[in-house]
$ cat query_24.cif   # mmCIF, C-alpha atoms
data_my_file
#
loop_
_atom_site.label_atom_id
_atom_site.label_comp_id
_atom_site.auth_asym_id
_atom_site.auth_seq_id
_atom_site.Cartn_x
_atom_site.Cartn_y
_atom_site.Cartn_z
CA MET O 1 -37.05 -69.62 -38.40
CA LYS O 2 -37.92 -66.00 -37.86
CA VAL O 3 -35.08 -63.55 -37.42
CA GLU O 4 -35.49 -60.99 -34.65
CA TYR O 5 -34.21 -57.44 -34.99
CA GLU O 6 -34.15 -55.59 -31.72
CA PRO O 7 -33.38 -51.89 -31.49
CA TYR O 8 -29.64 -51.29 -31.26
CA PRO O 9 -28.56 -51.51 -27.61
CA GLU O 10 -27.24 -48.02 -26.80
CA LYS O 11 -24.22 -49.50 -25.03
CA THR O 12 -22.91 -50.95 -28.28
CA GLN O 13 -23.32 -47.70 -30.24
CA LEU O 14 -22.05 -44.16 -30.62
CA ALA O 15 -23.96 -41.46 -28.79
CA ARG O 16 -26.38 -39.58 -31.02
CA TYR O 17 -25.39 -36.20 -29.60
CA ILE O 18 -21.68 -35.40 -29.43
CA GLN O 19 -20.25 -32.33 -27.74
CA ASP O 20 -18.25 -30.13 -30.18
CA TYR O 21 -19.86 -31.91 -33.15
CA PRO O 22 -22.46 -29.25 -33.91
CA ARG O 23 -24.33 -31.05 -36.66
CA SER O 24 -25.35 -33.80 -34.27
CA PHE O 25 -27.45 -31.17 -32.47
CA THR O 26 -29.07 -29.72 -35.58
CA ARG O 27 -29.80 -32.97 -37.43
CA ASN O 28 -30.98 -35.56 -34.94
CA PRO O 29 -34.76 -35.61 -34.50
CA LYS O 30 -36.11 -33.74 -31.50
CA GLN O 31 -39.16 -35.99 -31.25
CA ALA O 32 -38.86 -39.47 -29.79
CA LEU O 33 -38.27 -42.25 -32.29
CA ILE O 34 -41.44 -44.26 -32.77
CA ARG O 35 -41.51 -47.95 -31.97
CA ARG O 36 -43.05 -49.98 -34.79
CA PRO O 37 -43.79 -53.61 -35.56
CA LEU O 38 -41.65 -55.30 -38.19
CA THR O 39 -43.50 -56.66 -41.18
CA LEU O 40 -42.30 -58.30 -44.38
CA SER O 41 -41.40 -54.88 -45.73
CA GLU O 42 -38.82 -54.19 -43.00
CA ARG O 43 -37.59 -57.78 -42.77
CA THR O 44 -36.79 -58.03 -46.44
CA GLY O 45 -34.10 -55.98 -48.14
CA PRO O 46 -31.88 -55.83 -51.19
CA VAL O 47 -30.27 -59.27 -51.55
CA ALA O 48 -27.90 -60.11 -54.42
CA LEU O 49 -27.24 -56.41 -54.79
CA ASP O 50 -24.23 -57.29 -56.93
CA ARG O 51 -26.77 -57.71 -59.72
CA ARG O 52 -27.45 -54.00 -59.44
CA LEU O 53 -24.08 -52.56 -58.38
CA ALA O 54 -20.73 -53.07 -60.11
CA ILE O 55 -18.22 -55.08 -58.07
CA HIS O 56 -14.62 -53.87 -58.13
CA ALA O 57 -11.30 -55.68 -58.29
CA GLU O 58 -10.01 -56.70 -54.86
CA ASP O 59 -6.92 -54.48 -55.19
CA MET O 60 -7.73 -50.82 -54.50
CA SER O 61 -4.05 -49.88 -54.36
CA ALA O 62 -3.90 -49.36 -58.12
CA LYS O 63 -6.46 -47.93 -60.50
CA GLU O 64 -6.17 -50.87 -62.87
CA PRO O 65 -5.00 -54.38 -62.04
CA GLY O 66 -1.24 -54.40 -62.48
CA GLY O 67 -1.14 -50.62 -62.91
CA PRO O 68 1.11 -48.28 -60.94
CA ARG O 69 0.50 -48.53 -57.23
CA ALA O 70 -0.68 -45.58 -55.16
CA ILE O 71 1.80 -44.01 -52.77
CA GLY O 72 1.55 -45.09 -49.15
CA GLN O 73 1.67 -48.06 -46.86
CA PHE O 74 0.35 -51.15 -48.66
CA ILE O 75 -2.25 -52.92 -46.55
CA ALA O 76 -4.55 -55.91 -46.72
CA VAL O 77 -7.88 -55.80 -44.93
CA THR O 78 -9.85 -58.96 -44.16
CA GLY O 79 -12.68 -60.08 -41.96
CA ARG O 80 -16.09 -61.70 -41.81
CA VAL O 81 -19.62 -60.39 -41.80
CA MET O 82 -22.07 -62.30 -39.60
CA ASP O 83 -25.27 -61.85 -37.64
CA GLU O 84 -25.70 -61.86 -33.87
CA ASP O 85 -25.79 -65.65 -33.86
CA GLY O 86 -22.43 -65.75 -35.61
CA VAL O 87 -24.05 -67.04 -38.79
CA PRO O 88 -22.02 -65.84 -41.77
CA LEU O 89 -23.76 -63.44 -44.14
CA ALA O 90 -22.74 -64.58 -47.60
CA GLY O 91 -23.30 -62.44 -50.67
CA ALA O 92 -23.38 -59.19 -48.71
CA VAL O 93 -22.19 -56.18 -50.70
CA ILE O 94 -19.52 -54.10 -48.92
CA GLU O 95 -18.67 -50.59 -50.07
CA ILE O 96 -15.42 -48.94 -49.02
CA TRP O 97 -14.34 -45.32 -49.22
CA GLN O 98 -11.24 -43.74 -47.76
CA ALA O 99 -8.71 -40.92 -47.98
CA ASN O 100 -5.39 -41.45 -49.74
CA ALA O 101 -2.07 -41.64 -47.89
CA SER O 102 -1.95 -37.86 -47.48
CA GLY O 103 -5.44 -37.63 -46.07
CA LYS O 104 -7.20 -36.45 -49.23
CA TYR O 105 -10.49 -37.71 -50.62
CA ILE O 106 -11.44 -37.37 -54.25
CA HIS O 107 -14.58 -35.41 -53.44
CA GLU O 108 -15.87 -32.00 -54.40
CA LEU O 109 -16.37 -31.07 -50.74
CA ASP O 110 -12.81 -31.92 -49.62
CA ARG O 111 -10.99 -28.59 -49.12
CA HIS O 112 -7.88 -30.03 -47.44
CA GLU O 113 -4.73 -28.86 -49.25
CA ALA O 114 -3.22 -32.28 -49.67
CA PRO O 115 -2.36 -33.88 -53.00
CA VAL O 116 -4.62 -36.22 -54.92
CA ASP O 117 -2.86 -39.46 -55.86
CA PRO O 118 -3.34 -40.15 -59.58
CA ASN O 119 -3.23 -43.88 -58.89
CA PHE O 120 -5.81 -43.98 -56.12
CA THR O 121 -9.57 -43.53 -56.07
CA GLY O 122 -10.17 -44.73 -52.52
CA LEU O 123 -13.33 -46.56 -53.61
CA GLY O 124 -14.06 -50.27 -53.46
CA ARG O 125 -17.06 -52.56 -53.69
CA PHE O 126 -16.90 -56.24 -52.82
CA VAL O 127 -19.13 -59.21 -52.02
CA THR O 128 -18.70 -61.52 -49.04
CA GLY O 129 -17.97 -65.19 -49.73
CA ASP O 130 -19.72 -68.30 -48.45
CA GLU O 131 -18.26 -67.87 -44.96
CA GLY O 132 -19.11 -64.18 -44.88
CA GLN O 133 -15.48 -63.35 -45.56
CA TYR O 134 -14.17 -60.32 -47.41
CA LYS O 135 -10.71 -59.13 -48.36
CA PHE O 136 -9.27 -56.14 -50.13
CA LEU O 137 -5.88 -54.54 -50.67
CA SER O 138 -5.38 -50.84 -50.27
CA ILE O 139 -3.18 -48.04 -48.98
CA LYS O 140 -3.29 -46.95 -45.39
CA PRO O 141 -5.28 -43.69 -45.30
CA GLY O 142 -3.73 -40.53 -43.88
CA ALA O 143 -5.12 -38.31 -41.14
CA TYR O 144 -6.83 -35.08 -42.17
CA PRO O 145 -8.13 -31.92 -40.52
CA VAL O 146 -11.81 -31.18 -40.08
CA MET O 147 -11.90 -27.78 -41.77
CA GLU O 148 -14.88 -26.52 -39.74
CA SER O 149 -12.97 -27.12 -36.50
CA ASP O 150 -9.87 -25.37 -35.16
CA TRP O 151 -8.30 -28.46 -33.61
CA TRP O 152 -9.90 -31.71 -34.79
CA TRP O 153 -7.83 -34.03 -36.96
CA ARG O 154 -9.51 -37.24 -38.00
CA PRO O 155 -7.31 -40.27 -37.35
CA PRO O 156 -6.76 -42.67 -40.24
CA HIS O 157 -9.95 -44.62 -40.90
CA ILE O 158 -11.80 -46.54 -43.60
CA HIS O 159 -15.53 -46.15 -44.25
CA PHE O 160 -17.58 -49.34 -44.61
CA SER O 161 -21.12 -49.61 -45.94
CA ILE O 162 -22.59 -53.11 -45.71
CA PHE O 163 -25.85 -54.50 -47.08
CA GLY O 164 -27.13 -57.36 -44.95
CA PRO O 165 -30.04 -59.42 -46.28
CA SER O 166 -32.65 -57.25 -44.54
CA TRP O 167 -33.56 -53.59 -44.43
CA MET O 168 -32.97 -53.96 -40.69
CA ASN O 169 -29.30 -54.81 -41.03
CA ARG O 170 -28.24 -52.15 -43.50
CA TYR O 171 -25.06 -50.97 -41.80
CA VAL O 172 -22.58 -48.11 -42.17
CA THR O 173 -19.48 -47.34 -40.11
CA GLN O 174 -15.87 -46.15 -39.94
CA ILE O 175 -13.02 -48.41 -38.82
CA PHE O 176 -9.87 -47.03 -37.22
CA PHE O 177 -6.27 -48.24 -37.02
CA PRO O 178 -4.79 -49.49 -33.75
CA GLY O 179 -2.26 -47.39 -31.86
CA GLU O 180 -2.90 -44.10 -33.65
CA PRO O 181 -2.35 -41.13 -31.33
CA LEU O 182 -5.25 -39.24 -32.91
CA ASN O 183 -7.60 -42.04 -31.85
CA GLU O 184 -7.45 -40.59 -28.33
CA THR O 185 -9.10 -37.32 -29.33
CA ASP O 186 -11.40 -38.34 -32.16
CA LEU O 187 -14.94 -37.21 -31.39
CA LEU O 188 -16.58 -40.05 -33.28
CA LEU O 189 -14.50 -42.96 -32.02
CA ASN O 190 -14.80 -41.68 -28.46
CA ALA O 191 -18.55 -41.28 -28.77
CA VAL O 192 -18.70 -44.98 -27.92
CA GLN O 193 -18.67 -45.06 -24.13
CA ASP O 194 -18.06 -48.75 -23.58
CA PRO O 195 -14.34 -49.55 -24.20
CA GLU O 196 -15.15 -53.04 -25.50
CA ALA O 197 -17.65 -51.61 -27.95
CA ARG O 198 -15.12 -48.94 -28.99
CA ASP O 199 -12.60 -51.66 -29.82
CA ARG O 200 -15.10 -52.99 -32.36
CA LEU O 201 -14.38 -49.86 -34.40
CA ILE O 202 -10.64 -50.56 -34.49
CA PHE O 203 -8.84 -53.00 -36.77
CA GLU O 204 -7.01 -55.89 -35.18
CA THR O 205 -3.46 -56.36 -36.33
CA THR O 206 -2.64 -59.77 -37.66
CA PRO O 207 0.74 -61.29 -38.51
CA THR O 208 2.46 -59.35 -41.25
CA THR O 209 4.04 -61.20 -44.11
CA VAL O 210 7.49 -60.68 -45.56
CA GLY O 211 8.80 -62.67 -48.48
CA ALA O 212 6.94 -63.59 -51.62
CA VAL O 213 4.03 -61.45 -50.42
CA ASN O 214 4.66 -58.34 -48.35
CA MET O 215 1.81 -56.71 -46.57
CA LEU O 216 0.52 -55.28 -43.36
CA THR O 217 -2.70 -57.08 -42.62
CA PHE O 218 -5.62 -55.70 -40.65
CA ARG O 219 -8.71 -57.57 -39.63
CA ARG O 220 -12.21 -56.49 -38.71
CA ASP O 221 -15.24 -58.72 -38.30
CA PHE O 222 -18.69 -57.20 -38.36
CA VAL O 223 -21.74 -58.32 -36.43
CA LEU O 224 -24.90 -57.08 -38.10
CA ARG O 225 -28.18 -57.09 -36.28
CA GLY O 226 -30.41 -60.15 -36.42
CA LYS O 227 -30.76 -63.30 -34.33
CA ARG O 228 -32.97 -66.35 -34.40
CA ARG O 229 -35.28 -66.86 -31.50
CA THR O 230 -33.74 -69.15 -28.92
CA PRO O 231 -36.13 -71.99 -28.05
CA ALA O 232 -37.25 -71.77 -24.41
CA LEU O 233 -35.52 -74.26 -22.12
CA ASP O 234 -37.97 -76.23 -20.02
CA MET Q 1 -24.92 -67.23 -28.31
CA SER Q 2 -25.49 -63.61 -29.05
CA LEU Q 3 -22.66 -61.45 -30.33
CA PRO Q 4 -22.74 -57.70 -29.68
CA THR Q 5 -23.65 -55.68 -32.77
CA SER Q 6 -20.99 -53.55 -34.40
CA PRO Q 7 -21.25 -49.81 -33.77
CA TYR Q 8 -22.86 -47.68 -36.47
CA CYS Q 9 -21.08 -44.49 -37.49
CA THR Q 10 -21.78 -41.46 -39.67
CA ILE Q 11 -20.95 -41.40 -43.38
CA GLY Q 12 -19.14 -38.10 -42.78
CA PRO Q 13 -18.86 -35.41 -45.45
CA PHE Q 14 -17.23 -37.40 -48.24
CA PHE Q 15 -19.61 -40.16 -49.29
CA PRO Q 16 -18.57 -40.80 -52.90
CA GLY Q 17 -20.88 -39.49 -55.58
CA GLU Q 18 -19.88 -42.49 -57.72
CA PHE Q 19 -21.73 -44.76 -55.30
CA ALA Q 20 -24.97 -42.94 -56.00
CA ASP Q 21 -24.55 -42.56 -59.76
CA GLY Q 22 -27.24 -44.42 -61.67
CA CYS Q 23 -28.90 -45.72 -58.49
CA CYS Q 24 -31.85 -43.32 -58.37
CA ASP Q 25 -33.70 -44.94 -61.28
CA LEU Q 26 -35.46 -48.13 -60.16
CA THR Q 27 -37.56 -48.59 -63.29
CA ASN Q 28 -35.11 -50.83 -65.15
CA PHE Q 29 -33.53 -54.07 -64.06
CA ALA Q 30 -31.73 -56.80 -65.99
CA GLY Q 31 -32.56 -55.09 -69.28
CA LYS Q 32 -36.31 -55.04 -68.61
CA GLN Q 33 -38.64 -52.21 -67.80
CA ALA Q 34 -40.53 -52.30 -64.52
CA ARG Q 35 -44.27 -52.95 -64.71
CA GLY Q 36 -46.89 -50.64 -63.28
CA PRO Q 37 -47.16 -46.88 -63.08
CA HIS Q 38 -43.83 -45.11 -63.04
CA ILE Q 39 -43.47 -42.07 -60.79
CA MET Q 40 -40.94 -39.52 -59.62
CA LEU Q 41 -40.38 -39.40 -55.86
CA THR Q 42 -38.65 -36.20 -54.89
CA GLY Q 43 -38.14 -33.81 -52.02
CA ILE Q 44 -35.62 -31.92 -49.96
CA VAL Q 45 -33.74 -33.05 -46.87
CA VAL Q 46 -33.43 -30.28 -44.29
CA GLU Q 47 -32.16 -29.93 -40.74
CA GLU Q 48 -33.14 -27.49 -38.00
CA GLY Q 49 -34.08 -24.06 -39.34
CA ASN Q 50 -35.03 -25.67 -42.66
CA ARG Q 51 -31.42 -25.59 -43.75
CA PRO Q 52 -30.80 -27.98 -46.63
CA ILE Q 53 -28.51 -30.94 -45.99
CA ARG Q 54 -26.10 -31.33 -48.85
CA ASN Q 55 -24.59 -34.70 -49.72
CA ALA Q 56 -27.08 -36.63 -47.65
CA ILE Q 57 -27.69 -40.17 -48.85
CA VAL Q 58 -31.28 -41.31 -49.20
CA GLU Q 59 -31.87 -45.03 -49.76
CA ILE Q 60 -35.18 -46.73 -50.45
CA TRP Q 61 -36.50 -50.30 -50.44
CA GLN Q 62 -39.92 -51.19 -51.77
CA PRO Q 63 -42.08 -53.89 -53.33
CA ASP Q 64 -43.02 -53.87 -56.99
CA ALA Q 65 -46.29 -52.56 -58.40
CA ASN Q 66 -48.05 -55.75 -57.24
CA GLY Q 67 -46.73 -55.50 -53.70
CA VAL Q 68 -44.11 -58.24 -54.14
CA PHE Q 69 -40.59 -57.99 -52.72
CA ARG Q 70 -37.62 -59.43 -54.56
CA HIS Q 71 -36.57 -61.38 -51.48
CA PRO Q 72 -36.73 -65.05 -50.42
CA LEU Q 73 -38.84 -64.19 -47.36
CA ASP Q 74 -41.70 -63.03 -49.56
CA PRO Q 75 -43.96 -66.06 -50.23
CA ARG Q 76 -44.81 -64.50 -53.59
CA SER Q 77 -41.18 -63.73 -54.53
CA LYS Q 78 -41.39 -66.00 -57.60
CA GLU Q 79 -43.93 -63.55 -59.00
CA ALA Q 80 -41.60 -60.59 -58.47
CA ASP Q 81 -41.42 -58.28 -61.47
CA PRO Q 82 -38.29 -59.32 -63.43
CA GLY Q 83 -37.80 -55.67 -64.38
CA PHE Q 84 -37.77 -54.36 -60.84
CA PHE Q 85 -35.14 -54.75 -58.13
CA GLY Q 86 -36.62 -52.52 -55.43
CA TRP Q 87 -33.58 -50.75 -54.04
CA GLY Q 88 -32.38 -47.25 -54.85
CA ARG Q 89 -30.03 -44.57 -53.63
CA ALA Q 90 -29.91 -40.83 -54.23
CA ARG Q 91 -27.58 -38.10 -53.06
CA THR Q 92 -28.86 -34.64 -52.19
CA ASP Q 93 -27.51 -31.64 -54.07
CA GLY Q 94 -26.65 -28.17 -52.74
CA GLU Q 95 -30.34 -27.42 -52.20
CA GLY Q 96 -30.83 -30.64 -50.25
CA SER Q 97 -32.87 -32.07 -53.10
CA TYR Q 98 -33.12 -35.75 -54.00
CA VAL Q 99 -35.04 -37.51 -56.74
CA PHE Q 100 -35.96 -41.11 -57.55
CA ARG Q 101 -37.69 -42.58 -60.55
CA THR Q 102 -39.53 -45.68 -59.44
CA VAL Q 103 -42.88 -47.50 -59.59
CA LEU Q 104 -45.87 -46.82 -57.42
CA PRO Q 105 -45.59 -49.62 -54.82
CA GLY Q 106 -48.43 -52.10 -54.50
CA ALA Q 107 -50.26 -52.94 -51.28
CA TYR Q 108 -49.87 -56.40 -49.78
CA ALA Q 109 -51.18 -58.48 -46.89
CA THR Q 110 -48.91 -59.42 -43.98
CA GLU Q 111 -48.71 -62.96 -42.60
CA ASP Q 112 -51.41 -62.28 -40.04
CA GLY Q 113 -53.72 -60.83 -42.67
CA ALA Q 114 -53.15 -57.16 -41.90
CA LYS Q 115 -52.93 -54.94 -44.93
CA ARG Q 116 -49.83 -52.90 -45.62
CA CYS Q 117 -50.81 -49.76 -47.50
CA PRO Q 118 -48.65 -48.82 -50.49
CA HIS Q 119 -45.37 -47.53 -49.06
CA ILE Q 120 -41.63 -47.21 -49.57
CA ASN Q 121 -39.05 -47.74 -46.82
CA LEU Q 122 -36.66 -44.82 -46.69
CA MET Q 123 -33.46 -44.12 -44.75
CA VAL Q 124 -31.21 -41.07 -44.48
CA LEU Q 125 -27.47 -40.99 -43.87
CA ALA Q 126 -25.59 -37.73 -43.36
CA ILE Q 127 -22.72 -36.11 -41.55
CA GLY Q 128 -23.84 -35.42 -37.99
CA LEU Q 129 -26.00 -38.54 -37.85
CA THR Q 130 -24.13 -41.32 -36.07
CA ARG Q 131 -26.93 -43.69 -37.06
CA ARG Q 132 -29.29 -43.83 -40.02
CA LEU Q 133 -32.73 -42.29 -39.72
CA VAL Q 134 -35.54 -44.58 -40.90
CA THR Q 135 -39.01 -43.68 -41.97
CA THR Q 136 -41.73 -44.90 -44.32
CA VAL Q 137 -43.28 -43.01 -47.23
CA PHE Q 138 -46.99 -43.73 -47.74
CA PHE Q 139 -49.04 -43.18 -50.88
CA GLY Q 140 -52.74 -42.51 -51.15
CA ASP Q 141 -55.24 -40.56 -49.13
CA GLY Q 142 -54.45 -42.33 -45.92
CA PRO Q 143 -57.86 -43.59 -44.85
CA ALA Q 144 -56.78 -47.16 -44.33
CA SER Q 145 -55.23 -48.76 -41.30
CA ASP Q 146 -51.61 -49.85 -41.55
CA PRO Q 147 -49.57 -51.42 -38.73
CA LEU Q 148 -46.87 -48.73 -39.03
CA LEU Q 149 -49.16 -45.78 -39.63
CA ASP Q 150 -51.17 -46.80 -36.60
CA CYS Q 151 -48.06 -46.27 -34.44
CA VAL Q 152 -48.23 -42.56 -35.22
CA ALA Q 153 -51.16 -41.28 -33.19
CA ASP Q 154 -50.95 -37.55 -33.87
CA PRO Q 155 -52.85 -36.78 -37.11
CA GLY Q 156 -50.46 -33.95 -38.00
CA ARG Q 157 -47.43 -36.16 -37.69
CA ARG Q 158 -49.16 -39.02 -39.47
CA ALA Q 159 -49.86 -36.75 -42.42
CA ARG Q 160 -46.12 -36.09 -42.76
CA LEU Q 161 -45.59 -39.75 -43.68
CA PHE Q 162 -47.54 -39.31 -46.91
CA ALA Q 163 -46.00 -38.36 -50.22
CA ILE Q 164 -47.99 -35.54 -51.80
CA ARG Q 165 -48.95 -35.77 -55.44
CA ASP Q 166 -47.82 -32.54 -57.03
CA GLN Q 167 -50.55 -31.88 -59.62
CA ALA Q 168 -48.77 -28.82 -61.00
CA VAL Q 169 -45.55 -30.53 -61.95
CA ASN Q 170 -44.73 -33.36 -64.29
CA GLY Q 171 -41.43 -35.15 -64.09
CA ALA Q 172 -39.29 -36.56 -66.86
CA GLU Q 173 -41.48 -37.83 -69.73
CA GLY Q 174 -44.54 -36.42 -68.00
CA LEU Q 175 -44.36 -38.81 -65.05
CA PRO Q 176 -46.44 -37.98 -61.98
CA VAL Q 177 -44.42 -36.32 -59.26
CA TYR Q 178 -44.80 -37.28 -55.61
CA ARG Q 179 -43.18 -35.00 -53.10
CA PHE Q 180 -41.77 -36.16 -49.77
CA ASP Q 181 -39.74 -33.59 -47.86
CA ILE Q 182 -37.61 -34.90 -45.02
CA VAL Q 183 -37.18 -32.69 -41.98
CA THR Q 184 -34.63 -34.44 -39.79
CA ARG Q 185 -35.15 -31.89 -37.01
CA GLY Q 186 -37.48 -28.94 -36.77
CA GLU Q 187 -41.05 -27.73 -36.53
CA ALA Q 188 -42.47 -29.97 -39.24
CA GLU Q 189 -40.22 -32.86 -38.26
CA THR Q 190 -40.66 -36.10 -40.18
CA PRO Q 191 -41.65 -38.99 -37.91
CA PHE Q 192 -38.76 -41.44 -37.66
CA PHE Q 193 -38.96 -44.96 -36.32
CA LEU Q 194 -36.90 -46.52 -33.58
CA ASP Q 195 -34.23 -48.51 -35.34
#
$ encode --input "query_24.cif" --output "structure tokens"
Amino acid sequence: MKVEYEPYPEKTQLARYIQDYPRSFTRNPKQALIRRPLTLSERTGPVALDRRLAIHAEDMSAKEPGGPRAIGQFIAVTGRVMDEDGVPLAGAVIEIWQANASGKYIHELDRHEAPVDPNFTGLGRFVTGDEGQYKFLSIKPGAYPVMESDWWWRPPHIHFSIFGPSWMNRYVTQIFFPGEPLNETDLLLNAVQDPEARDRLIFETTPTTVGAVNMLTFRRDFVLRGKRRTPALD
Amino acid sequence: MSLPTSPYCTIGPFFPGEFADGCCDLTNFAGKQARGPHIMLTGIVVEEGNRPIRNAIVEIWQPDANGVFRHPLDPRSKEADPGFFGWGRARTDGEGSYVFRTVLPGAYATEDGAKRCPHINLMVLAIGLTRRLVTTVFFGDGPASDPLLDCVADPGRRARLFAIRDQAVNGAEGLPVYRFDIVTRGEAETPFFLD
């Protein structure tokens, strides 16, 4: 059955132009985006990308399995990746990048004067299982200032890059933590007008565990574009 | 049932260089060398005022030299070049420059018999872009009809979808260089498709 990929409904998405986010005004095309038909070229995409990209250990909270753990709040992140029909997308590669507990990225462009954690890279790459599920362990990222701004602090968030089975459902986003005061003022999170859609950028809390395994668990499912044509009802 | 799609968001300023390392060479896969003519595909990514965009991520997806995609939807996928995967990623440097080493993509016929001219799908991610920008890079002199090219009526804009063979420059090991500059916003803006 043929999968349909409709243009992203604006209501579900961030605005393209965001006040006080100057680059959105200098980088988005001025000309209208051109509608095009989808052929095999756009419908296909990199599947089994784990044959091309190295997959990491599930635990990002230490550099090596069993090695010293990074400083910060230990978290587990889980969820499922599916299409618009709710069909799980198995074998999808997920890439993660995030700041450490003090809000510092290991990146040549990060000028924030916060310490690097020797036991934390903030990078992860995983593959979804048969039910589209993923899981990784990490450290809750810290907030950090946007150096080009005189007021904007980014709330804690984790970057996700997901490869669905088609060029049309290549997906990239940032997921935020519930109840963070900085969520109220973040220009990106609040660029989603619809409150229900905005909630899709925020982790759900799930029961924490204390005992043999201690962790704060956060959950986020992802719906990537793509649905099968519904047969007409006569 | 139709679930609402998750919101896209920008990669921000700190996309890890490690995620791009080694991804810009598409000419080897599973220990084999890709068939067909190898080329360099290079250009700069600029914003308004022709200012280079640093740390932009450019990703490509293309068929092999015979026009076959490594994907189950392609009826010819069993013939896919075992030395070619078809996906690549590059990160722009301080001058906004990116470079891929890949194969010249082959043409192929769509299900309804239309011909797709040799092309590479390309997308750009960068800080300031809340969603990816998608375009298509075409090769050749552009006489033929192509279902995507035909959506771009203006000849000047259409011409901007073609990679230009740079006769004066040879890439690594003397490979032919094709140039495709990406203007996300500006006078010579690259045509982008509704995504």
$ closest_atom_pairs --input "query_24.cif" --of "chain Q" --to "chain O" --cutoff "6 Å" --atoms "only C-alpha atoms" --output "Markdown table"
| residue | atom | partner | partner_atom | distance |
| --- | --- | --- | --- | --- |
| Q:Met1 | CA | O:Asp85 | CA | 5.8 |
| Q:Ser2 | CA | O:Glu84 | CA | 5.1 |
| Q:Leu3 | CA | O:Glu84 | CA | 4.7 |
| Q:Thr5 | CA | O:Val223 | CA | 4.9 |
| Q:Ser6 | CA | O:Val223 | CA | 5.2 |
| Q:Pro7 | CA | O:Gln13 | CA | 4.6 |
| Q:Tyr8 | CA | O:Thr173 | CA | 5.0 |
| Q:Cys9 | CA | O:Thr173 | CA | 4.2 |
| Q:Glu47 | CA | O:Arg27 | CA | 5.1 |
| Q:Glu48 | CA | O:Thr26 | CA | 5.2 |
| Q:Gly128 | CA | O:Ser24 | CA | 4.3 |
| Q:Leu129 | CA | O:Ser24 | CA | 6.0 |
| Q:Thr130 | CA | O:Arg16 | CA | 5.8 |
| Q:Leu148 | CA | O:Arg36 | CA | 5.8 |
| Q:Thr184 | CA | O:Pro29 | CA | 5.4 |
| Q:Arg185 | CA | O:Pro29 | CA | 4.5 |
| Q:Phe192 | CA | O:Leu33 | CA | 5.5 |
| Q:Phe193 | CA | O:Ile34 | CA | 4.4 |
| Q:Leu194 | CA | O:Leu33 | CA | 4.7 |
| Q:Asp195 | CA | O:Pro7 | CA | 5.2 |
$ closest_residue --input "query_24.cif" --among "O:Arg219, O:Asp130, O:Pro156, O:Phe163" --to "Q:Trp61" --atoms "all atoms listed in the file"
O:Phe163
$ atom_distance --input "query_24.cif" --atom1 "atom CA of O:Ile202" --atom2 "atom CA of Q:Gly17"
25.9 Å
$ resolve_selection --input "query_24.cif" --expression "the PyMOL selection byres ((chain Q and resi 175) around 12)" --output "list of chain:residue names"
Q:Pro37, Q:His38, Q:Ile39, Q:Met40, Q:Leu41, Q:Thr42, Q:Phe100, Q:Arg101, Q:Thr102, Q:Val103, Q:Leu104, Q:Arg165, Q:Asp166, Q:Gln167, Q:Ala168, Q:Val169, Q:Asn170, Q:Gly171, Q:Ala172, Q:Glu173, Q:Gly174, Q:Pro176, Q:Val177, Q:Tyr178
$ resolve_selection --input "query_24.cif" --expression "the PyMOL selection byres ((chain O and resi 58) around 8)" --output "list in words"
His56, Ala57, Asp59, Met60, Gly124, Phe126, Lys135, Phe136 and Leu137 of chain O
$ write_last_selection --input "query_24.cif" --atoms "C-alpha atoms" --output "compact mmCIF listing (two decimals), in the frame of the given file"
# COMPACT_ATOMS: atom_id res chain seq x y z
CA HIS O 56 -14.62 -53.87 -58.13
CA ALA O 57 -11.30 -55.68 -58.29
CA ASP O 59 -6.92 -54.48 -55.19
CA MET O 60 -7.73 -50.82 -54.50
CA GLY O 124 -14.06 -50.27 -53.46
CA PHE O 126 -16.90 -56.24 -52.82
CA LYS O 135 -10.71 -59.13 -48.36
CA PHE O 136 -9.27 -56.14 -50.13
CA LEU O 137 -5.88 -54.54 -50.67
$ axis_aligned_box --input "query_24.cif" --around "stretch 144-160 of chain O" --padding-each-side "8 Å" --output "JSON"
{"center_x": -12.2, "center_y": -37.4, "center_z": -39.1, "size_x": 26.8, "size_y": 40.0, "size_z": 27.0}
$ atom_distance --input "query_24.cif" --atom1 "atom CA of Q:Gly94" --atom2 "atom CA of Q:Glu59"
17.9 Å
$ resolve_selection --input "query_24.cif" --expression "the PyMOL selection byres ((chain O and resi 133) around 8)" --output "number ranges by chain"
O: 78-81, 88, 90, 128-132, 134-135
$ atom_distance --input "query_24.cif" --atom1 "atom CA of Q:Gly49" --atom2 "atom CA of Q:Ala188"
10.3 Å
$ residues_around --input "query_24.cif" --residues "Q:Cys117" --least-positions-apart "5" --cutoff "12 Å" --atoms "only C-alpha atoms" --output "PyMOL selection string"
(chain O and resi 39+41) or (chain Q and resi 62-63+66-67+104-110+136-150+161-162)
$ residues_around --input "query_24.cif" --residues "Q:Arg89" --least-positions-apart "6" --cutoff "7 Å" --atoms "only C-alpha atoms" --output "list in words"
Ala20, Cys23, Cys24, Ile57, Val58, Glu59 and Ile60 of chain Q
$ residues_around --input "query_24.cif" --residues "Q:Asp181" --least-positions-apart "5" --cutoff "10 Å" --atoms "only C-alpha atoms" --output "list in words"
Leu41, Thr42, Gly43, Ile44, Val45, Val46, Gly96, Ser97, Tyr98, Arg160, Leu161, Phe162, Ala163, Ile164, Ala188, Glu189 and Thr190 of chain Q
